[in-house]
>>> print(open('query.cif').read())   # mmCIF, C-alpha atoms and all ligand atoms
data_final
#
loop_
_atom_site.label_atom_id
_atom_site.label_comp_id
_atom_site.auth_asym_id
_atom_site.auth_seq_id
_atom_site.Cartn_x
_atom_site.Cartn_y
_atom_site.Cartn_z
CA MET A 826 -52.01 5.87 -52.75
CA ASN A 827 -48.37 4.77 -53.18
CA GLU A 828 -46.82 2.82 -50.34
CA ALA A 829 -43.84 4.47 -48.72
CA PRO A 830 -40.49 2.86 -49.70
CA PRO A 831 -38.97 0.69 -46.93
CA SER A 832 -36.96 2.93 -44.62
CA LYS A 833 -33.18 2.41 -44.47
CA ALA A 834 -33.48 2.34 -40.72
CA ASP A 835 -36.03 -0.43 -40.72
CA PRO A 836 -36.08 -1.42 -37.05
CA GLU A 837 -36.20 -5.15 -37.71
CA THR A 838 -33.30 -5.04 -40.16
CA ALA A 839 -31.18 -2.89 -37.80
CA ALA A 840 -31.88 -5.22 -34.89
CA GLY A 841 -31.01 -8.21 -37.08
CA ALA A 842 -27.69 -6.63 -38.06
CA GLU A 843 -26.84 -5.87 -34.44
CA GLU A 844 -27.65 -9.42 -33.41
CA ARG A 845 -25.30 -10.67 -36.10
CA GLN A 846 -22.58 -8.32 -34.80
CA LEU A 847 -23.18 -9.57 -31.27
CA ALA A 848 -22.75 -13.16 -32.42
CA GLU A 849 -19.56 -12.19 -34.29
CA GLN A 850 -18.07 -10.46 -31.26
CA ARG A 851 -18.93 -13.45 -29.08
CA ALA A 852 -17.27 -15.76 -31.59
CA LEU A 853 -14.21 -13.47 -31.49
CA ILE A 854 -14.14 -13.69 -27.69
CA ASP A 855 -14.36 -17.49 -27.88
CA ARG A 856 -11.38 -17.57 -30.27
CA LEU A 857 -9.39 -15.14 -28.08
CA ASP A 858 -10.18 -17.16 -24.95
CA ALA A 859 -8.88 -20.31 -26.66
CA GLU A 860 -5.71 -18.44 -27.68
CA ILE A 861 -5.21 -16.97 -24.20
CA LEU A 862 -5.70 -20.38 -22.62
CA GLU A 863 -3.17 -21.88 -24.98
CA ARG A 864 -0.66 -19.12 -24.13
CA PHE A 865 -1.32 -19.59 -20.38
CA ASN A 866 -0.50 -23.27 -20.76
CA ALA A 867 2.62 -22.49 -22.80
CA ARG A 868 3.70 -20.10 -20.06
CA LEU A 869 3.15 -22.77 -17.42
CA ALA A 870 5.12 -25.29 -19.47
CA ALA A 871 8.03 -22.81 -19.56
CA ALA A 872 7.66 -22.32 -15.80
CA GLY A 873 7.84 -26.10 -15.40
CA ARG A 874 11.11 -26.21 -17.37
CA ILE A 875 12.46 -23.33 -15.27
CA GLY A 876 11.48 -25.25 -12.10
CA GLU A 877 13.43 -28.26 -13.34
CA LEU A 878 16.49 -26.12 -14.12
CA LYS A 879 16.27 -24.41 -10.71
CA ARG A 880 16.24 -27.81 -9.03
CA ARG A 881 19.32 -28.91 -10.96
CA LEU A 882 21.10 -25.64 -10.20
CA GLY A 883 20.12 -25.86 -6.53
CA LEU A 884 18.15 -22.56 -6.69
CA PRO A 885 14.99 -21.88 -4.65
CA VAL A 886 11.71 -22.14 -6.59
CA ARG A 887 10.30 -19.00 -5.02
CA ASP A 888 12.09 -15.90 -6.23
CA THR A 889 10.25 -12.75 -5.20
CA ARG A 890 12.93 -10.53 -6.81
CA ARG A 891 12.29 -12.11 -10.20
CA GLU A 892 8.54 -11.83 -9.61
CA SER A 893 8.82 -8.13 -8.84
CA GLN A 894 10.87 -7.64 -12.05
CA VAL A 895 8.12 -9.40 -14.00
CA PHE A 896 5.47 -7.13 -12.45
CA ARG A 897 7.54 -3.97 -13.04
CA ARG A 898 7.91 -4.89 -16.72
CA LEU A 899 4.21 -5.67 -17.07
CA LEU A 900 3.25 -2.33 -15.50
CA ASP A 901 5.54 -0.59 -18.01
CA LEU A 902 4.06 -2.56 -20.91
CA ASN A 903 0.46 -2.07 -19.87
CA ARG A 904 0.05 1.53 -20.94
CA GLY A 905 -2.82 2.85 -22.95
CA GLY A 906 -4.84 -0.38 -23.05
CA LEU A 907 -8.21 -1.13 -21.54
CA LEU A 908 -6.89 -3.52 -18.89
CA ALA A 909 -6.66 -1.62 -15.59
CA ASN A 910 -3.43 -2.33 -13.70
CA ARG A 911 -5.25 -3.69 -10.67
CA TYR A 912 -6.83 -6.43 -12.80
CA MET A 913 -3.61 -7.07 -14.69
CA VAL A 914 -1.72 -7.55 -11.42
CA LYS A 915 -4.37 -9.99 -10.17
CA LEU A 916 -4.31 -12.00 -13.42
CA PHE A 917 -0.54 -12.38 -13.34
CA ALA A 918 -0.41 -13.05 -9.59
CA THR A 919 -2.83 -15.93 -10.23
CA LEU A 920 -0.69 -17.17 -13.12
CA MET A 921 2.39 -17.05 -10.93
CA ALA A 922 0.60 -19.04 -8.23
CA ALA A 923 -0.30 -21.64 -10.88
CA ALA A 924 3.34 -21.65 -12.01
CA ARG A 925 4.52 -22.36 -8.47
CA ASP A 926 2.13 -25.33 -8.33
CA VAL A 927 3.65 -26.62 -11.59
CA GLN A 928 7.09 -26.13 -10.09
CA GLY A 929 6.11 -28.15 -7.04
CA ALA A 930 5.92 -25.28 -4.54
CA PRO A 931 2.22 -24.73 -3.85
CA SER A 932 0.94 -22.26 -1.22
CA ARG A 933 1.54 -23.17 2.38
CA PRO A 934 -1.76 -23.96 4.07
CA ALA A 935 -2.15 -21.77 7.15
CA ASP A 936 -3.44 -24.63 9.29
CA GLY A 937 -3.76 -28.39 9.19
CA PHE A 938 -7.09 -28.16 7.35
CA GLY A 939 -5.91 -26.07 4.44
CA THR A 940 -8.09 -23.08 5.41
CA PRO A 941 -6.45 -19.72 4.74
CA ALA A 942 -5.58 -17.47 7.69
CA LEU A 943 -7.89 -14.45 7.91
CA PHE A 944 -6.80 -10.83 8.16
CA ALA A 945 -8.58 -7.50 7.94
CA VAL A 946 -8.18 -3.77 8.18
CA PHE A 947 -10.64 -2.14 10.58
CA GLY A 948 -11.33 1.51 9.85
CA ASN A 949 -14.03 4.03 9.02
CA PRO A 950 -13.97 4.92 6.18
CA VAL A 951 -11.92 2.07 4.78
CA VAL A 952 -13.04 1.74 1.17
CA HIS A 953 -9.92 3.44 -0.24
CA SER A 954 -7.45 1.49 1.91
CA LEU A 955 -4.51 0.11 -0.06
CA SER A 956 -3.80 -2.50 2.64
CA PRO A 957 -5.90 -5.30 1.06
CA VAL A 958 -4.08 -5.17 -2.30
CA MET A 959 -0.68 -4.87 -0.60
CA HIS A 960 -1.18 -7.77 1.78
CA ASN A 961 -2.96 -10.05 -0.67
CA ALA A 962 -0.11 -9.47 -3.13
CA ALA A 963 2.38 -10.34 -0.38
CA PHE A 964 0.46 -13.54 0.44
CA GLY A 965 0.47 -14.46 -3.25
CA ALA A 966 4.16 -13.75 -3.71
CA THR A 967 5.32 -15.68 -0.66
CA GLY A 968 2.83 -18.52 -0.99
CA PHE A 969 1.40 -17.82 2.46
CA SER A 970 -2.20 -18.99 2.50
CA GLY A 971 -3.99 -15.88 3.78
CA VAL A 972 -6.95 -13.68 2.87
CA TYR A 973 -7.12 -9.98 3.77
CA ALA A 974 -10.29 -7.86 3.62
CA ALA A 975 -11.27 -4.26 4.38
CA ILE A 976 -14.00 -4.01 7.00
CA ARG A 977 -15.79 -0.78 7.86
CA VAL A 978 -16.00 -0.72 11.62
CA LYS A 979 -18.12 1.66 13.66
CA ASP A 980 -17.63 0.09 17.10
CA ILE A 981 -14.07 -1.12 17.57
CA ARG A 982 -14.94 -3.08 20.76
CA LEU A 983 -17.47 -5.19 18.87
CA ALA A 984 -15.05 -5.64 15.97
CA VAL A 985 -12.30 -6.93 18.28
CA ALA A 986 -14.78 -9.30 19.94
CA GLY A 987 -15.63 -10.56 16.45
CA PHE A 988 -11.93 -10.89 15.64
CA ARG A 989 -11.52 -13.10 18.73
CA SER A 990 -14.49 -15.33 18.09
CA LEU A 991 -13.74 -15.78 14.37
CA GLY A 992 -10.08 -16.46 15.10
CA LEU A 993 -8.58 -13.87 12.76
CA ARG A 994 -4.80 -14.15 12.57
CA GLY A 995 -4.18 -10.42 12.44
CA ALA A 996 -5.60 -6.99 11.68
CA SER A 997 -4.50 -3.54 10.68
CA ILE A 998 -6.16 -0.72 12.55
CA THR A 999 -6.68 2.62 10.91
CA LEU A 1000 -8.53 5.87 11.55
CA PRO A 1001 -10.38 6.53 13.76
CA HIS A 1002 -9.69 3.45 15.93
CA LYS A 1003 -5.92 3.45 16.55
CA GLU A 1004 -6.23 4.78 20.08
CA ALA A 1005 -9.54 3.24 21.21
CA VAL A 1006 -8.47 -0.26 20.15
CA MET A 1007 -5.83 -0.31 22.88
CA ALA A 1008 -8.44 -0.88 25.60
CA CYS A 1009 -9.65 -4.06 23.83
CA LEU A 1010 -6.34 -5.96 23.67
CA ASP A 1011 -4.48 -8.32 26.03
CA TYR A 1012 -1.03 -6.82 25.56
CA ILE A 1013 0.34 -3.56 24.16
CA ASP A 1014 3.89 -3.23 22.93
CA PRO A 1015 5.69 -0.53 24.99
CA ARG A 1016 6.51 1.52 21.88
CA ALA A 1017 2.84 1.52 20.78
CA ARG A 1018 1.90 2.60 24.31
CA ARG A 1019 4.31 5.53 24.10
CA ILE A 1020 2.97 6.53 20.67
CA LYS A 1021 -0.58 6.09 22.06
CA ALA A 1022 -1.66 4.24 18.93
CA VAL A 1023 -1.93 0.63 17.77
CA ASN A 1024 -2.06 -0.03 14.03
CA THR A 1025 -1.48 -3.80 14.17
CA ILE A 1026 -3.13 -6.67 16.06
CA VAL A 1027 -1.39 -10.03 16.19
CA ASN A 1028 -3.31 -13.08 17.42
CA GLU A 1029 -0.84 -15.27 19.27
CA ASN A 1030 -2.75 -18.43 20.13
CA GLY A 1031 -5.74 -16.46 21.36
CA THR A 1032 -3.80 -13.63 23.01
CA LEU A 1033 -4.33 -10.37 21.16
CA LYS A 1034 -1.23 -8.22 21.04
CA GLY A 1035 -1.11 -4.61 19.81
CA PHE A 1036 1.85 -3.09 17.98
CA ASN A 1037 2.64 0.10 16.11
CA THR A 1038 4.53 -0.28 12.83
CA ASP A 1039 3.99 3.31 11.63
CA TRP A 1040 7.04 4.70 13.42
CA ALA A 1041 9.34 1.96 12.12
CA GLY A 1042 7.78 2.22 8.65
CA ALA A 1043 8.59 5.95 8.57
CA LEU A 1044 12.09 5.23 9.83
CA LYS A 1045 12.73 2.60 7.14
CA ALA A 1046 11.38 4.89 4.42
CA LEU A 1047 13.75 7.68 5.53
CA GLU A 1048 16.77 5.50 6.17
CA GLU A 1049 16.58 4.05 2.65
CA LYS A 1050 17.79 7.50 1.56
CA ILE A 1051 19.67 8.95 4.54
CA PRO A 1052 20.89 7.79 7.97
CA LEU A 1053 19.08 9.77 10.67
CA ALA A 1054 21.65 9.78 13.48
CA GLY A 1055 22.67 13.35 14.25
CA LYS A 1056 20.28 14.88 11.68
CA ARG A 1057 17.81 17.71 12.31
CA VAL A 1058 14.40 16.70 11.01
CA ALA A 1059 11.51 19.10 10.48
CA VAL A 1060 8.25 17.27 11.16
CA ILE A 1061 5.25 19.20 9.86
CA GLY A 1062 1.98 18.57 11.69
CA ALA A 1063 0.98 17.58 15.19
CA GLY A 1064 -1.47 14.68 14.78
CA GLY A 1065 -1.05 10.93 15.19
CA ALA A 1066 1.12 10.58 12.09
CA ALA A 1067 3.47 13.32 13.34
CA ARG A 1068 3.80 11.51 16.67
CA ALA A 1069 4.71 8.22 14.96
CA VAL A 1070 7.22 9.85 12.58
CA ALA A 1071 8.81 11.83 15.43
CA HIS A 1072 9.24 8.66 17.50
CA GLY A 1073 10.90 6.93 14.52
CA VAL A 1074 13.27 9.86 14.05
CA SER A 1075 14.29 10.09 17.73
CA SER A 1076 14.70 6.32 18.06
CA ALA A 1077 17.34 6.50 15.31
CA GLY A 1078 19.19 9.40 16.93
CA GLY A 1079 17.69 12.27 14.90
CA THR A 1080 16.53 15.56 16.40
CA VAL A 1081 12.92 16.61 15.76
CA VAL A 1082 11.89 20.20 15.13
CA LEU A 1083 8.10 20.28 15.07
CA PHE A 1084 6.26 22.78 12.85
CA ASN A 1085 2.50 23.20 13.10
CA ARG A 1086 -0.20 25.62 11.97
CA THR A 1087 -1.85 25.74 15.39
CA ALA A 1088 0.70 26.70 18.04
CA GLU A 1089 -1.21 25.21 20.95
CA LYS A 1090 -1.43 21.71 19.49
CA GLY A 1091 2.10 21.87 18.11
CA SER A 1092 3.77 23.01 21.31
CA ALA A 1093 1.85 20.39 23.33
CA LEU A 1094 3.15 17.55 21.14
CA ALA A 1095 6.65 19.06 21.02
CA ALA A 1096 6.69 19.22 24.84
CA GLU A 1097 5.60 15.57 25.03
CA LEU A 1098 8.37 14.56 22.62
CA GLY A 1099 11.00 16.81 24.17
CA ALA A 1100 11.28 18.55 20.78
CA GLU A 1101 11.60 22.16 19.67
CA PHE A 1102 8.40 23.80 18.35
CA ARG A 1103 8.04 26.48 15.68
CA PRO A 1104 4.94 27.88 13.98
CA LEU A 1105 4.48 26.58 10.44
CA ASP A 1106 4.15 30.05 8.91
CA GLN A 1107 7.71 30.74 10.06
CA PHE A 1108 9.12 27.64 8.39
CA ASP A 1109 12.63 27.87 7.05
CA ALA A 1110 14.99 25.04 6.27
CA GLU A 1111 18.05 26.61 7.85
CA ARG A 1112 19.95 23.96 9.82
CA ILE A 1113 17.35 21.38 8.71
CA GLU A 1114 18.50 18.32 6.76
CA ILE A 1115 15.23 16.40 6.41
CA LEU A 1116 11.62 17.53 6.10
CA VAL A 1117 8.59 15.27 6.58
CA ASN A 1118 5.03 16.39 5.86
CA THR A 1119 2.60 14.49 8.10
CA THR A 1120 -0.41 16.73 7.43
CA SER A 1121 -3.03 16.08 4.77
CA VAL A 1122 -2.06 19.23 2.88
CA GLY A 1123 -1.61 18.39 -0.83
CA MET A 1124 -4.01 15.46 -0.81
CA ALA A 1125 -6.50 15.31 -3.71
CA PRO A 1126 -8.64 17.27 -4.44
CA GLN A 1127 -6.37 20.01 -2.94
CA ALA A 1128 -3.46 18.67 -4.98
CA GLU A 1129 -1.99 22.10 -5.73
CA GLU A 1130 -1.40 22.93 -2.06
CA SER A 1131 1.84 22.50 -0.19
CA PRO A 1132 2.55 22.93 3.53
CA VAL A 1133 5.67 25.02 2.82
CA ALA A 1134 6.58 27.67 0.27
CA ARG A 1135 8.68 26.49 -2.67
CA GLU A 1136 11.30 29.18 -1.85
CA ALA A 1137 11.90 27.55 1.55
CA LEU A 1138 13.29 24.39 -0.12
CA ARG A 1139 16.92 24.05 -1.14
CA ALA A 1140 19.12 21.48 -2.90
CA GLY A 1141 20.39 18.69 -0.69
CA LEU A 1142 17.37 18.60 1.61
CA VAL A 1143 15.63 15.21 1.90
CA VAL A 1144 11.86 15.70 1.63
CA MET A 1145 9.33 13.01 2.50
CA ASP A 1146 5.57 13.35 2.13
CA ILE A 1147 3.18 10.89 3.73
CA VAL A 1148 0.39 11.93 1.34
CA TYR A 1149 0.24 9.36 -1.48
CA ASN A 1150 -2.79 10.58 -3.40
CA PRO A 1151 -1.42 12.01 -5.66
CA LEU A 1152 1.90 10.19 -5.46
CA ARG A 1153 3.83 13.22 -6.71
CA THR A 1154 2.41 15.88 -4.45
CA ARG A 1155 2.97 19.59 -4.98
CA LEU A 1156 5.53 19.49 -2.12
CA LEU A 1157 7.50 16.68 -3.82
CA ARG A 1158 7.33 18.38 -7.23
CA ASP A 1159 8.62 21.63 -5.71
CA ALA A 1160 11.31 19.66 -3.86
CA GLU A 1161 12.46 17.91 -7.05
CA ALA A 1162 12.63 21.24 -8.85
CA ALA A 1163 14.76 22.63 -5.99
CA GLY A 1164 17.18 19.69 -6.24
CA CYS A 1165 16.04 17.88 -3.07
CA VAL A 1166 16.02 14.11 -2.60
CA THR A 1167 12.37 13.03 -2.39
CA ILE A 1168 10.52 10.14 -0.74
CA ASP A 1169 6.90 9.61 -1.70
CA GLY A 1170 3.97 8.67 0.52
CA LEU A 1171 3.91 5.02 -0.52
CA ALA A 1172 7.32 4.42 1.07
CA MET A 1173 6.07 4.69 4.67
CA LEU A 1174 2.77 2.95 3.84
CA VAL A 1175 4.53 -0.01 2.26
CA HIS A 1176 7.12 -0.33 5.02
CA GLN A 1177 4.57 -0.21 7.85
CA GLY A 1178 2.61 -2.89 5.94
CA ALA A 1179 5.73 -4.99 5.33
CA LEU A 1180 6.46 -4.93 9.08
CA GLN A 1181 2.88 -6.03 9.79
CA PHE A 1182 3.27 -8.90 7.33
CA GLU A 1183 6.43 -10.02 9.11
CA LEU A 1184 4.77 -9.88 12.54
CA TRP A 1185 1.85 -12.00 11.26
CA THR A 1186 3.68 -14.58 9.17
CA GLY A 1187 7.28 -14.67 10.38
CA LEU A 1188 8.29 -14.48 6.68
CA ALA A 1189 10.39 -11.78 5.02
CA ALA A 1190 7.97 -9.33 3.38
CA PRO A 1191 8.19 -8.84 -0.41
CA ALA A 1192 8.13 -5.03 -0.04
CA ASP A 1193 8.76 -4.43 -3.77
CA ILE A 1194 5.72 -6.45 -4.75
CA MET A 1195 3.60 -4.78 -2.07
CA ARG A 1196 4.61 -1.41 -3.45
CA MET A 1197 3.80 -2.40 -7.01
CA ALA A 1198 0.38 -3.71 -6.03
CA ALA A 1199 -0.37 -0.43 -4.23
CA GLU A 1200 0.97 1.64 -7.14
CA ALA A 1201 -1.12 -0.31 -9.64
CA GLU A 1202 -4.22 0.43 -7.58
CA LEU A 1203 -3.36 4.14 -7.36
CA LYS A 1204 -2.57 4.57 -11.05
CA ASP A 1205 -5.82 3.10 -12.34
P1 LIG B 1301 -3.45 12.45 11.92
O1 LIG B 1301 -3.78 11.89 13.27
O2 LIG B 1301 -3.87 11.61 10.77
O3 LIG B 1301 -2.02 12.86 11.78
P2 LIG B 1301 -4.80 14.95 12.69
O4 LIG B 1301 -4.73 14.62 14.12
O5 LIG B 1301 -6.07 15.45 12.13
O6 LIG B 1301 -4.40 13.75 11.72
O7 LIG B 1301 -3.63 15.99 12.41
C1 LIG B 1301 -3.55 16.66 11.24
C2 LIG B 1301 -2.42 17.67 11.30
O8 LIG B 1301 -2.38 18.27 10.03
C3 LIG B 1301 -2.63 18.75 12.31
O9 LIG B 1301 -1.40 19.08 12.92
C4 LIG B 1301 -3.14 19.92 11.47
O10 LIG B 1301 -2.76 21.18 11.94
P3 LIG B 1301 -3.57 21.93 13.10
O11 LIG B 1301 -3.06 21.36 14.41
O12 LIG B 1301 -3.23 23.37 12.91
O13 LIG B 1301 -5.03 21.64 12.87
C5 LIG B 1301 -2.44 19.70 10.18
N1 LIG B 1301 -3.16 20.30 9.06
C6 LIG B 1301 -4.31 19.87 8.50
N2 LIG B 1301 -4.68 20.70 7.50
C7 LIG B 1301 -3.76 21.70 7.46
C8 LIG B 1301 -3.59 22.85 6.63
N3 LIG B 1301 -4.44 23.16 5.65
N4 LIG B 1301 -2.49 23.61 6.85
C9 LIG B 1301 -1.61 23.31 7.83
N5 LIG B 1301 -1.74 22.25 8.64
C10 LIG B 1301 -2.78 21.44 8.46
#
>>> encode(input="query.cif", output="C-alpha cells", more="lines below")
Ligand code: ATR
Amino acid sequence: MNEAPPSKADPETAAGAEERQLAEQRALIDRLDAEILERFNARLAAAGRIGELKRRLGLPVRDTRRESQVFRRLLDLNRGGLLANRYMVKLFATLMAAARDVQGAPSRPADGFGTPALFAVFGNPVVHSLSPVMHNAAFGATGFSGVYAAIRVKDIRLAVAGFRSLGLRGASITLPHKEAVMACLDYIDPRARRIKAVNTIVNENGTLKGFNTDWAGALKALEEKIPLAGKRVAVIGAGGAARAVAHGVSSAGGTVVLFNRTAEKGSALAAELGAEFRPLDQFDAERIEILVNTTSVGMAPQAEESPVAREALRAGLVVMDIVYNPLRTRLLRDAEAAGCVTIDGLAMLVHQGALQFELWTGLAAPADIMRMAAEAELKD
C-alpha cells in the first residue's frame, strides 16, 4: 500500500511555524521597547532643557495649562489606534511626572515620611465612578502626593470607622450613603445640613468634617455659561441631585421652578425650597431661561429618552444635563438642534470634584485635566 503524502497542515510543521512567528513578534516588541525607551529619554532631555529655560525666564516649572494642552492634543491624535485613552493618559501622566523630577520639581510628599495621603470614594455600586481617574489625574498634575481608590461600601458606619483608624485624608461619598454618613461625622457644614447630604469628608487632624460640593459644582457649571442672578431656572426632578442644584441656583439669586413626574414628591421638595412646582408633563419653557435635568432620563441604555419634548425647547435657552453617560444625551442633542446653549453632565461632576480637591489639598484644582481624564475614561 502507498503511504499517504505528508499533509500540508502537518501539525508539527504548523506549530513550528507559529513558534517562529511568536519569536519574531517578541523580537519586534524588544526592538520597539528599545525605541520607545530612547524616545522617552529624548523627551525627558527636552523637558530638562525647558526646565532650564523656565528657570532663566523666571517661569514656574509646573504649568497645568500647558499640561492640559498636551493632553488635549494627545486625545485628538489618539484616534483609531489600539491604545485606549485611559491607558494613554496614564502613560503620559507618568512621563510628565518624570519630567517634573528632571526639572527639579518632584511630587510633594504628603507627610514627613514620604507616604502618599489616602483618599477614597465610598459608594455602592462604585465600580463606574469617574472620581478615581479625576482625582488621581489632579494629584499627578499638581504634584500632590496622594492616592485615590474606589471602595464599595455596604455599611457606611463601619467604613467611616475604618477611615478614622487608617487616617485617610479625605473621601467622596456617593449613593446611597450621602445622607446616612452625616450621623458618623464630627462636624457638618451648614449648607450640607440644609441640603441633607454630604458628598465630601475632610479629615482635619482627626476631626472628620462633612461638606457638600454638589450644589457649588452645579452653580459653577451653570455660571461658566450664564450668570444666574434674576434668572428663572427649570429644575427637572425631585431627588437629591435636584435639591443640590436648586440650592446652588437660589444661592446665586436665581428662581427655581421645579418640574417632576410625581406631583407628590415634586410639590414636597418645592415647598421645602420655597419654589414653584409644576407637573413634568405640562412642561413649557415660557418665561424660563435655564433648564437643568437632574433625573436619570436619557442615561444609557435608555439613551434615546429625554425628560422634555423637543418642541418645548427654543433658541437662547441654556440647557444643562447632569447625565454624562452618554455625554451628548438626547436632551442635549435636541437642545443643540433648537439653538440652545448646552452644558454636559461632566461639567457639574468635574466642578464638584475640583472643589473637593481644593478642600483636601488647599491647592487650586486643575479642572481641565480632571475633565480630560474623565472624558478619556468615558470615551474608551
Ligand atoms: P437622586 O437622589 O440621584 O437625584 P432619586 O431620588 O431617585 O435620585 O430621584 C430621581 C428623580 O428622577 C425623581 O424625581 C424621579 O421622578 P419621580 O419623583 O416621579 O419618581 C425622576 N425620574 C426618574 N425616572 C424618571 C422618568 N422616567 N421620567 C421622569 N422622571 C423620572
>>> residues_around(input="query.cif", residues="range 1006-1017 of chain A", least_positions_apart="6", cutoff="7 Å", atoms="all atoms listed in the file", output="MDAnalysis selection string")
chainID A and resid 981:982 985 1023 1032:1037
>>> residues_near_ligand(input="query.cif", ligand="ligand LIG 1301 (chain B)", cutoff="8 Å", atoms="all atoms listed in the file", output="NGL selection string")
:A and (1000 or 1061-1068 or 1085-1091 or 1105 or 1119-1122 or 1132)
>>> closest_residue(input="query.cif", among="A:Ala930, A:Leu853, A:Ala984, A:Leu902", to="Phe969 in chain A", atoms="only C-alpha atoms")
A:Ala930
>>> closest_residue(input="query.cif", among="A:Gln850, A:Asn1030, A:Asn949, A:Ser956", to="Ser997 in chain A", atoms="only C-alpha atoms")
A:Ser956
>>> closest_residue(input="query.cif", among="A:Ala1134, A:Leu1142, A:Ala1071, A:Ala840", to="Glu1097 in chain A", atoms="all atoms listed in the file")
A:Ala1071
>>> atom_distance(input="query.cif", atom1="CA of Ala1140 in chain A", atom2="CA of Met1197 in chain A")
28.7 Å
>>> closest_residue(input="query.cif", among="A:Ala859, A:Ala966, A:Ala1199, A:Val1143", to="Val895 in chain A", atoms="only C-alpha atoms")
A:Ala966
>>> residues_around(input="query.cif", residues="Leu899 in chain A", least_positions_apart="6", cutoff="12 Å", atoms="only C-alpha atoms", output="list in words")
Glu892, Ser893, Leu908, Ala909, Asn910, Arg911, Tyr912, Met913, Val914, Lys915, Leu916, Phe917, Ala918, Met1197, Ala1198 and Ala1201 of chain A
>>> atom_distance(input="query.cif", atom1="CA of Val1133 in chain A", atom2="CA of Asp1109 in chain A")
8.6 Å
>>> decode(input="query.cif", residues="range 1185-1203 of chain A", atoms="N, CA and C atoms", output="PDB file, in the first residue's frame")
ATOM      1  N   TRP A1185      -9.406  69.339  50.199  1.00  0.00           N
ATOM      2  CA  TRP A1185      -8.453  68.355  50.731  1.00  0.00           C
ATOM      3  C   TRP A1185      -7.013  68.844  50.713  1.00  0.00           C
ATOM      4  N   THR A1186      -6.651  69.562  49.641  1.00  0.00           N
ATOM      5  CA  THR A1186      -5.220  69.861  49.450  1.00  0.00           C
ATOM      6  C   THR A1186      -4.873  71.323  49.662  1.00  0.00           C
ATOM      7  N   GLY A1187      -5.860  72.211  49.592  1.00  0.00           N
ATOM      8  CA  GLY A1187      -5.570  73.644  49.677  1.00  0.00           C
ATOM      9  C   GLY A1187      -4.926  74.165  48.397  1.00  0.00           C
ATOM     10  N   LEU A1188      -4.841  73.324  47.350  1.00  0.00           N
ATOM     11  CA  LEU A1188      -4.245  73.764  46.079  1.00  0.00           C
ATOM     12  C   LEU A1188      -5.357  74.081  45.081  1.00  0.00           C
ATOM     13  N   ALA A1189      -5.043  74.922  44.096  1.00  0.00           N
ATOM     14  CA  ALA A1189      -6.016  75.189  43.033  1.00  0.00           C
ATOM     15  C   ALA A1189      -6.174  73.916  42.214  1.00  0.00           C
ATOM     16  N   ALA A1190      -7.409  73.531  41.930  1.00  0.00           N
ATOM     17  CA  ALA A1190      -7.641  72.267  41.205  1.00  0.00           C
ATOM     18  C   ALA A1190      -7.417  72.462  39.702  1.00  0.00           C
ATOM     19  N   PRO A1191      -6.728  71.513  39.060  1.00  0.00           N
ATOM     20  CA  PRO A1191      -6.568  71.573  37.596  1.00  0.00           C
ATOM     21  C   PRO A1191      -7.812  71.004  36.921  1.00  0.00           C
ATOM     22  N   ALA A1192      -8.908  71.789  36.910  1.00  0.00           N
ATOM     23  CA  ALA A1192     -10.212  71.283  36.450  1.00  0.00           C
ATOM     24  C   ALA A1192     -10.158  70.763  35.013  1.00  0.00           C
ATOM     25  N   ASP A1193      -9.369  71.430  34.152  1.00  0.00           N
ATOM     26  CA  ASP A1193      -9.255  70.987  32.748  1.00  0.00           C
ATOM     27  C   ASP A1193      -8.725  69.565  32.656  1.00  0.00           C
ATOM     28  N   ILE A1194      -7.685  69.310  33.452  1.00  0.00           N
ATOM     29  CA  ILE A1194      -7.058  67.988  33.411  1.00  0.00           C
ATOM     30  C   ILE A1194      -8.000  66.940  34.005  1.00  0.00           C
ATOM     31  N   MET A1195      -8.729  67.320  35.046  1.00  0.00           N
ATOM     32  CA  MET A1195      -9.700  66.398  35.652  1.00  0.00           C
ATOM     33  C   MET A1195     -10.770  66.038  34.618  1.00  0.00           C
ATOM     34  N   ARG A1196     -11.194  67.037  33.870  1.00  0.00           N
ATOM     35  CA  ARG A1196     -12.219  66.788  32.858  1.00  0.00           C
ATOM     36  C   ARG A1196     -11.675  65.849  31.774  1.00  0.00           C
ATOM     37  N   MET A1197     -10.448  66.117  31.347  1.00  0.00           N
ATOM     38  CA  MET A1197      -9.895  65.268  30.285  1.00  0.00           C
ATOM     39  C   MET A1197      -9.726  63.830  30.731  1.00  0.00           C
ATOM     40  N   ALA A1198      -9.317  63.644  31.978  1.00  0.00           N
ATOM     41  CA  ALA A1198      -9.141  62.284  32.493  1.00  0.00           C
ATOM     42  C   ALA A1198     -10.497  61.573  32.510  1.00  0.00           C
ATOM     43  N   ALA A1199     -11.539  62.290  32.931  1.00  0.00           N
ATOM     44  CA  ALA A1199     -12.879  61.689  32.985  1.00  0.00           C
ATOM     45  C   ALA A1199     -13.384  61.386  31.575  1.00  0.00           C
ATOM     46  N   GLU A1200     -13.141  62.340  30.650  1.00  0.00           N
ATOM     47  CA  GLU A1200     -13.587  62.154  29.267  1.00  0.00           C
ATOM     48  C   GLU A1200     -12.898  60.957  28.620  1.00  0.00           C
ATOM     49  N   ALA A1201     -11.600  60.828  28.904  1.00  0.00           N
ATOM     50  CA  ALA A1201     -10.833  59.720  28.325  1.00  0.00           C
ATOM     51  C   ALA A1201     -11.417  58.394  28.790  1.00  0.00           C
ATOM     52  N   GLU A1202     -11.807  58.343  30.044  1.00  0.00           N
ATOM     53  CA  GLU A1202     -12.378  57.122  30.613  1.00  0.00           C
ATOM     54  C   GLU A1202     -13.735  56.813  29.955  1.00  0.00           C
ATOM     55  N   LEU A1203     -14.523  57.875  29.742  1.00  0.00           N
ATOM     56  CA  LEU A1203     -15.853  57.697  29.151  1.00  0.00           C
ATOM     57  C   LEU A1203     -15.790  57.274  27.701  1.00  0.00           C
TER      58      LEU A1203
END
